[in-house]
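Shown below: entry21.pdb, with PDB, C-alpha atoms and all ligand atoms.
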ATOM      1  CA  MET A1206      16.251 -21.589  85.304
ATOM      2  CA  ALA A1207      14.020 -21.013  88.340
ATOM      3  CA  ASP A1208      13.825 -17.433  89.535
ATOM      4  CA  PRO A1209      16.094 -17.295  92.638
ATOM      5  CA  THR A1210      13.948 -14.528  94.139
ATOM      6  CA  THR A1211      10.864 -16.795  94.144
ATOM      7  CA  ARG A1212       9.968 -18.398  97.486
ATOM      8  CA  LEU A1213       6.963 -20.709  97.347
ATOM      9  CA  GLU A1214       5.227 -20.739 100.696
ATOM     10  CA  ALA A1215       1.895 -21.493 102.322
ATOM     11  CA  THR A1216       0.324 -19.472 105.110
ATOM     12  CA  LEU A1217      -2.702 -19.798 107.373
ATOM     13  CA  ILE A1218      -5.100 -16.940 107.847
ATOM     14  CA  LEU A1219      -8.041 -16.936 110.238
ATOM     15  CA  ILE A1220     -10.809 -14.393 110.061
ATOM     16  CA  LYS A1221     -11.349 -14.101 113.797
ATOM     17  CA  PRO A1222     -14.808 -13.914 115.435
ATOM     18  CA  ASP A1223     -14.723 -10.080 115.543
ATOM     19  CA  GLY A1224     -14.041 -10.014 111.788
ATOM     20  CA  LEU A1225     -17.063 -12.254 111.202
ATOM     21  CA  ALA A1226     -19.282 -10.367 113.681
ATOM     22  CA  LYS A1227     -18.419  -7.077 111.931
ATOM     23  CA  SER A1228     -19.279  -8.609 108.518
ATOM     24  CA  LEU A1229     -15.744  -8.030 107.259
ATOM     25  CA  THR A1230     -15.209 -11.349 105.441
ATOM     26  CA  GLY A1231     -15.662  -9.887 101.968
ATOM     27  CA  ASN A1232     -13.489  -6.837 102.665
ATOM     28  CA  ILE A1233     -10.694  -8.944 104.190
ATOM     29  CA  LEU A1234     -10.655 -11.490 101.361
ATOM     30  CA  THR A1235     -10.674  -8.658  98.808
ATOM     31  CA  ARG A1236      -7.683  -7.030 100.541
ATOM     32  CA  LEU A1237      -5.853 -10.376 100.652
ATOM     33  CA  SER A1238      -6.471 -10.914  96.936
ATOM     34  CA  GLU A1239      -4.027  -8.020  96.346
ATOM     35  CA  ALA A1240      -1.232 -10.471  97.196
ATOM     36  CA  LYS A1241      -2.137 -12.534  94.103
ATOM     37  CA  LEU A1242      -1.851 -15.832  95.979
ATOM     38  CA  GLU A1243      -3.883 -18.984  95.464
ATOM     39  CA  ILE A1244      -6.470 -20.228  97.940
ATOM     40  CA  ALA A1245      -5.422 -23.805  98.726
ATOM     41  CA  ALA A1246      -8.072 -24.570 101.366
ATOM     42  CA  ALA A1247     -10.915 -22.851 103.195
ATOM     43  CA  LYS A1248     -13.444 -23.767 105.848
ATOM     44  CA  CYS A1249     -15.660 -22.261 108.493
ATOM     45  CA  LEU A1250     -15.433 -23.939 111.896
ATOM     46  CA  ARG A1251     -16.114 -23.689 115.594
ATOM     47  CA  VAL A1252     -12.901 -23.516 117.605
ATOM     48  CA  SER A1253     -12.595 -25.940 120.521
ATOM     49  CA  GLN A1254     -10.670 -25.046 123.680
ATOM     50  CA  GLU A1255      -8.070 -27.664 122.699
ATOM     51  CA  LEU A1256      -7.561 -26.258 119.192
ATOM     52  CA  ALA A1257      -7.384 -22.688 120.545
ATOM     53  CA  GLU A1258      -4.784 -23.607 123.168
ATOM     54  CA  LYS A1259      -2.668 -25.565 120.670
ATOM     55  CA  HIS A1260      -2.832 -22.722 118.159
ATOM     56  CA  TYR A1261      -1.632 -20.161 120.714
ATOM     57  CA  GLN A1262       0.628 -22.532 122.704
ATOM     58  CA  ALA A1263       3.627 -20.156 122.465
ATOM     59  CA  LEU A1264       1.643 -17.477 124.328
ATOM     60  CA  ARG A1265       0.426 -19.649 127.218
ATOM     61  CA  ASP A1266       2.471 -17.714 129.803
ATOM     62  CA  LYS A1267       1.167 -14.311 128.712
ATOM     63  CA  PRO A1268      -1.244 -12.511 131.080
ATOM     64  CA  PHE A1269      -3.807 -12.174 128.262
ATOM     65  CA  PHE A1270      -3.757 -15.903 127.329
ATOM     66  CA  ASP A1271      -7.166 -16.869 128.818
ATOM     67  CA  GLU A1272      -8.816 -13.830 127.243
ATOM     68  CA  LEU A1273      -7.160 -14.651 123.919
ATOM     69  CA  ILE A1274      -8.523 -18.216 124.047
ATOM     70  CA  ASP A1275     -12.047 -16.901 124.776
ATOM     71  CA  TYR A1276     -11.638 -14.429 121.908
ATOM     72  CA  ILE A1277     -10.592 -16.969 119.247
ATOM     73  CA  MET A1278     -13.357 -19.339 120.441
ATOM     74  CA  GLY A1279     -15.883 -16.551 119.851
ATOM     75  CA  LYS A1280     -16.932 -16.240 123.484
ATOM     76  CA  ARG A1281     -16.636 -12.451 123.279
ATOM     77  CA  HIS A1282     -18.677 -12.090 120.113
ATOM     78  CA  SER A1283     -21.924 -13.130 118.530
ATOM     79  CA  ARG A1284     -20.032 -15.361 116.084
ATOM     80  CA  LYS A1285     -18.707 -18.587 117.628
ATOM     81  CA  LYS A1286     -16.688 -19.546 114.590
ATOM     82  CA  VAL A1287     -13.731 -18.553 112.446
ATOM     83  CA  LEU A1288     -13.040 -18.755 108.720
ATOM     84  CA  ALA A1289      -9.743 -20.555 108.111
ATOM     85  CA  VAL A1290      -8.010 -20.122 104.743
ATOM     86  CA  VAL A1291      -4.682 -21.434 103.458
ATOM     87  CA  TYR A1292      -3.000 -19.255 100.856
ATOM     88  CA  ALA A1293      -0.097 -20.513  98.748
ATOM     89  CA  GLY A1294       2.307 -18.711  96.468
ATOM     90  CA  ASP A1295       5.460 -16.658  96.184
ATOM     91  CA  LYS A1296       6.487 -15.159  99.579
ATOM     92  CA  ALA A1297       2.946 -15.823 100.854
ATOM     93  CA  ILE A1298       3.802 -15.356 104.542
ATOM     94  CA  GLU A1299       5.433 -11.959 104.179
ATOM     95  CA  LYS A1300       2.835 -10.664 101.713
ATOM     96  CA  VAL A1301      -0.095 -11.605 103.946
ATOM     97  CA  ARG A1302       1.581 -10.238 107.096
ATOM     98  CA  GLN A1303       2.175  -6.984 105.212
ATOM     99  CA  LEU A1304      -1.491  -6.695 104.237
ATOM    100  CA  ALA A1305      -2.608  -7.709 107.753
ATOM    101  CA  GLY A1306      -0.458  -5.105 109.522
ATOM    102  CA  VAL A1307       1.351  -5.406 112.863
ATOM    103  CA  THR A1308      -0.217  -7.073 115.917
ATOM    104  CA  ASN A1309      -1.268  -3.889 117.757
ATOM    105  CA  PRO A1310      -4.076  -2.341 115.691
ATOM    106  CA  GLU A1311      -3.203   1.146 116.985
ATOM    107  CA  GLU A1312       0.327   0.790 115.638
ATOM    108  CA  ALA A1313      -0.670  -0.967 112.425
ATOM    109  CA  ASP A1314      -0.490   0.966 109.160
ATOM    110  CA  SER A1315      -3.859   2.688 108.930
ATOM    111  CA  VAL A1316      -4.639   1.107 105.555
ATOM    112  CA  SER A1317      -3.674  -2.414 106.668
ATOM    113  CA  ILE A1318      -6.467  -4.843 107.606
ATOM    114  CA  ARG A1319      -5.702  -4.598 111.321
ATOM    115  CA  GLY A1320      -5.163  -0.828 111.106
ATOM    116  CA  GLN A1321      -8.508  -0.374 109.368
ATOM    117  CA  TYR A1322     -10.663  -2.746 111.380
ATOM    118  CA  GLY A1323      -8.900  -3.706 114.639
ATOM    119  CA  ARG A1324      -9.401  -2.274 118.111
ATOM    120  CA  ILE A1325      -7.983  -2.596 121.606
ATOM    121  CA  THR A1326     -10.548  -3.675 124.186
ATOM    122  CA  THR A1327     -10.932  -1.920 127.547
ATOM    123  CA  THR A1328      -9.022  -4.836 129.112
ATOM    124  CA  GLY A1329      -6.156  -4.302 126.659
ATOM    125  CA  LEU A1330      -6.680  -7.304 124.339
ATOM    126  CA  TYR A1331      -5.940  -6.646 120.686
ATOM    127  CA  GLU A1332      -9.017  -7.589 118.676
ATOM    128  CA  ASN A1333      -7.311  -7.434 115.335
ATOM    129  CA  VAL A1334      -9.808  -9.327 113.099
ATOM    130  CA  ILE A1335      -7.285 -11.605 111.381
ATOM    131  CA  HIS A1336      -4.593 -14.148 112.195
ATOM    132  CA  ALA A1337      -1.702 -14.625 109.768
ATOM    133  CA  SER A1338       1.170 -17.113 110.176
ATOM    134  CA  SER A1339       4.407 -15.394 111.131
ATOM    135  CA  ASN A1340       7.113 -17.658 109.634
ATOM    136  CA  VAL A1341       7.615 -20.886 107.665
ATOM    137  CA  GLN A1342       7.785 -23.141 110.746
ATOM    138  CA  GLU A1343       4.701 -21.628 112.344
ATOM    139  CA  ALA A1344       2.804 -21.757 109.040
ATOM    140  CA  GLU A1345       3.485 -25.496 108.678
ATOM    141  CA  ARG A1346       2.558 -26.204 112.311
ATOM    142  CA  GLU A1347      -0.634 -24.154 112.075
ATOM    143  CA  ILE A1348      -1.775 -25.505 108.684
ATOM    144  CA  LYS A1349      -1.309 -29.090 109.945
ATOM    145  CA  LEU A1350      -3.234 -28.212 113.101
ATOM    146  CA  TRP A1351      -6.231 -26.676 111.320
ATOM    147  CA  PHE A1352      -6.473 -28.814 108.172
ATOM    148  CA  GLU A1353      -6.354 -32.496 107.167
ATOM    149  CA  PRO A1354      -4.235 -33.249 104.067
ATOM    150  CA  ASP A1355      -7.351 -34.028 101.984
ATOM    151  CA  GLU A1356      -8.861 -30.638 102.750
ATOM    152  CA  ILE A1357      -6.005 -28.886 100.925
ATOM    153  CA  ILE A1358      -5.937 -28.986  97.151
ATOM    154  CA  PHE A1359      -2.114 -28.963  96.874
ATOM    155  CA  ASP A1360       0.382 -31.405  98.396
ATOM    156  CA  LEU A1361       1.988 -28.850 100.675
ATOM    157  CA  TYR A1362       3.707 -31.295 103.027
ATOM    158  CA  PRO A1363       4.555 -35.016 102.849
ATOM    159  CA  THR A1364       1.760 -37.413 103.779
ATOM    160  CA  VAL A1365       1.470 -41.137 104.565
ATOM    161  CA  SER A1366      -1.494 -43.478 104.217
ATOM    162  CA  SER A1367      -2.784 -44.596 107.550
ATOM    163  CA  ASP A1368      -5.597 -47.048 108.377
ATOM    164  CA  VAL A1369      -7.864 -45.225 110.761
ATOM    165  CA  THR A1370     -11.128 -46.511 112.100
ATOM    166  CA  THR A1371     -13.121 -43.611 113.435
ATOM    167  CA  ARG A1372     -16.846 -43.093 113.375
ATOM    168  CA  LYS A1373     -18.034 -40.017 111.537
ATOM    169  CA  ARG A1374     -21.341 -38.361 110.804
ATOM    170  CA  VAL A1375     -22.659 -38.833 107.293
ATOM    171  CA  TRP A1376     -25.707 -37.437 105.503
ATOM    172  CA  VAL A1377     -28.945 -39.368 105.886
ATOM    173  CA  PRO A1378     -29.568 -40.779 102.379
ATOM    174  CA  THR A1379     -32.292 -38.935 100.498
ATOM    175  CA  PRO A1380     -35.221 -41.359 100.068
ATOM    176  CA  VAL A1381     -35.819 -42.389  96.463
ATOM    177  CA  THR A1382     -39.440 -41.508  95.764
ATOM    178  CA  ALA A1383     -41.358 -44.056  93.687
ATOM    179  CA  LYS A1384     -42.360 -42.776  90.272
ATOM    180  CA  VAL A1385     -46.087 -42.362  89.963
ATOM    181  CA  LYS A1386     -47.448 -43.597  86.635
ATOM    182  CA  SER A1387     -49.607 -41.024  84.936
TER     183      SER A1387
HETATM  184  N1  LIG A1401      -2.267 -10.174 121.530
HETATM  185  C1  LIG A1401      -2.735  -9.256 122.461
HETATM  186  N2  LIG A1401      -1.826  -8.480 123.133
HETATM  187  C2  LIG A1401      -0.485  -8.571 122.911
HETATM  188  C3  LIG A1401      -0.025  -9.488 121.975
HETATM  189  C4  LIG A1401      -0.927 -10.276 121.301
HETATM  190  O1  LIG A1401      -3.944  -9.125 122.657
HETATM  191  O2  LIG A1401       0.286  -7.822 123.563
HETATM  192  C5  LIG A1401      -3.241 -11.044 120.819
HETATM  193  C6  LIG A1401      -3.600 -10.504 119.427
HETATM  194  O3  LIG A1401      -4.964 -10.826 119.159
HETATM  195  C7  LIG A1401      -2.654 -11.282 118.548
HETATM  196  C8  LIG A1401      -2.636 -12.648 119.229
HETATM  197  O4  LIG A1401      -2.670 -12.329 120.628
HETATM  198  O5  LIG A1401      -3.090 -11.334 117.208
HETATM  199  C9  LIG A1401      -1.402 -13.497 118.944
HETATM  200  O6  LIG A1401      -0.248 -12.766 119.285
HETATM  201  P1  LIG A1401       1.057 -12.784 118.386
HETATM  202  O7  LIG A1401       2.162 -12.192 119.202
HETATM  203  O8  LIG A1401       1.265 -14.140 117.816
HETATM  204  O9  LIG A1401       0.706 -11.719 117.243
HETATM  205  P2  LIG A1401       0.303 -11.958 115.696
HETATM  206  O10 LIG A1401       1.189 -13.044 115.165
HETATM  207  O11 LIG A1401      -1.165 -12.318 115.675
HETATM  208  O12 LIG A1401       0.568 -10.634 115.046
HETATM  209 MG    MG A1402       1.609 -14.960 115.896
END
Translate this structure into structure tokens?
Ligand code: UDP
Ligand code: MG
Amino acid sequence: MADPTTRLEATLILIKPDGLAKSLTGNILTRLSEAKLEIAAAKCLRVSQELAEKHYQALRDKPFFDELIDYIMGKRHSRKKVLAVVYAGDKAIEKVRQLAGVTNPEEADSVSIRGQYGRITTTGLYENVIHASSNVQEAEREIKLWFEPDEIIFDLYPTVSSDVTTRKRVWVPTPVTAKVKS
């Protein structure tokens, strides 16, 4: 019989531009490995204004919203990118939030990721180096926003086949060099 205490979940984490600028990727991923979850997807990407605003849509009325959008887009740091990772496993959301620590880095447990590496800027924005989904609904919305189904190695959510005709960049084929007879 399945263990009733098991709760299979997926969660999105983002190593934010301050985490990348401070060279914390290795440390953060090592800390997250304590949760014994599986990496289901990972990519490094530049964050567009549209993606940033959709990601933080629930906070659009907050006074710090514009600053937050600039922050996640990397406009405040030397790294205009984030590392997005989907973790899957038992109670993934809670475990990752626990390791991340609470939103305010000053209030976060001092050994949590945000407690160790986060800071509050002079304007009051929390630069807390990592995003972590806060509940099942948000995790699903965020994972679908940041990743295509084929970028994730597990079937986390139902998919359909759809005929899409979009142009995309492809690699220039490597020229086949003629063999020189010796
Ligand atoms: N944030 C902030 N000040 C606040 C609340 C949030 O600067 O008073 C920033 C912080 O970077 C946070 C992000 O906005 O991580 C998203 O806020 P949310 O309330 O969703 O917190 P989280 O889920 O990231 O802990
Ligand atoms: Mg949140």
>> Residues proximal to (-0.3, -2.8, 115.4) were defined as those with any atom within 12 Å of that point in the file's coordinates, counting only C-alpha atoms. Which are they, as a PyMOL selection string?
In response: chain A and resi 1302-1325+1330-1335
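Of the listed residues A:Leu1361, A:Leu1250, A:Leu1217, A:Val1287, the one whose atoms come nearest to ligand MG 1402 (chain A) is A:Leu1217, with distances taken using all atoms listed in the file.
A straight line drawn from CA of Leu1225 in chain A to CA of Asp1275 in chain A is 15.2 Å long.
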>> Evaluate the PyMOL selection byres (((chain A and resi 1344-1357) around 7) and not hetatm) against this structure - the residues, as number ranges by chain, please.
In response: A: 1215-1217, 1245-1246, 1260, 1338-1343, 1358-1359
> Which is closer to Leu1237 in chain A than all the others in A:Arg1251, A:Arg1372, A:Lys1300, A:Lys1286, using only C-alpha atoms?
Replying inline: A:Lys1300
Could you list as an mmCIF file with C-alpha atoms, in the coordinates of the input every residue that has an atom within 12 Å of (-3.0, -22.7, 124.0), using the file's coordinates and counting only C-alpha atoms?
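Output below, filename part_24.cif:
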data_model
loop_
_atom_site.group_PDB
_atom_site.id
_atom_site.type_symbol
_atom_site.label_atom_id
_atom_site.label_comp_id
_atom_site.auth_asym_id
_atom_site.auth_seq_id
_atom_site.Cartn_x
_atom_site.Cartn_y
_atom_site.Cartn_z
ATOM 1 C CA VAL A 1252 -12.901 -23.516 117.605
ATOM 2 C CA SER A 1253 -12.595 -25.940 120.521
ATOM 3 C CA GLN A 1254 -10.670 -25.046 123.680
ATOM 4 C CA GLU A 1255 -8.070 -27.664 122.699
ATOM 5 C CA LEU A 1256 -7.561 -26.258 119.192
ATOM 6 C CA ALA A 1257 -7.384 -22.688 120.545
ATOM 7 C CA GLU A 1258 -4.784 -23.607 123.168
ATOM 8 C CA LYS A 1259 -2.668 -25.565 120.670
ATOM 9 C CA HIS A 1260 -2.832 -22.722 118.159
ATOM 10 C CA TYR A 1261 -1.632 -20.161 120.714
ATOM 11 C CA GLN A 1262 0.628 -22.532 122.704
ATOM 12 C CA ALA A 1263 3.627 -20.156 122.465
ATOM 13 C CA LEU A 1264 1.643 -17.477 124.328
ATOM 14 C CA ARG A 1265 0.426 -19.649 127.218
ATOM 15 C CA ASP A 1266 2.471 -17.714 129.803
ATOM 16 C CA LYS A 1267 1.167 -14.311 128.712
ATOM 17 C CA PHE A 1269 -3.807 -12.174 128.262
ATOM 18 C CA PHE A 1270 -3.757 -15.903 127.329
ATOM 19 C CA ASP A 1271 -7.166 -16.869 128.818
ATOM 20 C CA GLU A 1272 -8.816 -13.830 127.243
ATOM 21 C CA LEU A 1273 -7.160 -14.651 123.919
ATOM 22 C CA ILE A 1274 -8.523 -18.216 124.047
ATOM 23 C CA ASP A 1275 -12.047 -16.901 124.776
ATOM 24 C CA ILE A 1277 -10.592 -16.969 119.247
ATOM 25 C CA MET A 1278 -13.357 -19.339 120.441
#
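A straight line drawn from CA of Leu1242 in chain A to CA of Ala1297 in chain A is 6.8 Å long.
Note that the spacing between atom C6 of ligand LIG 1401 (chain A) and CA of Tyr1362 in chain A amounts to 27.5 Å.
Proximity of A:Lys1384, A:Lys1285, A:His1336, A:Lys1248 to ligand LIG 1401 (chain A), computed with only C-alpha atoms and all ligand atoms, is greatest for A:His1336.
Shortest atom-to-atom contact with ligand MG 1402 (chain A) among A:Asp1360, A:Arg1236, A:Ile1298, A:Thr1327: A:Ile1298, counting only C-alpha atoms and all ligand atoms.
Across A:Arg1281, A:Thr1382, A:Leu1288, A:Thr1328, the tightest approach to Leu1234 in chain A is made by A:Leu1288 when counting only C-alpha atoms.
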> If you apply the PyMOL selection byres (((chain A and resi 1294) around 8) and not hetatm) to this file, what residues do you get, as a PyMOL selection string?
Replying inline: chain A and resi 1212-1215+1241-1243+1292-1293+1295-1297
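In this comparison, which uses only C-alpha atoms and all ligand atoms, the residue of A:Ala1337, A:Ile1244, A:His1282, A:Asp1368 approaching ligand MG 1402 (chain A) most closely is A:Ala1337.
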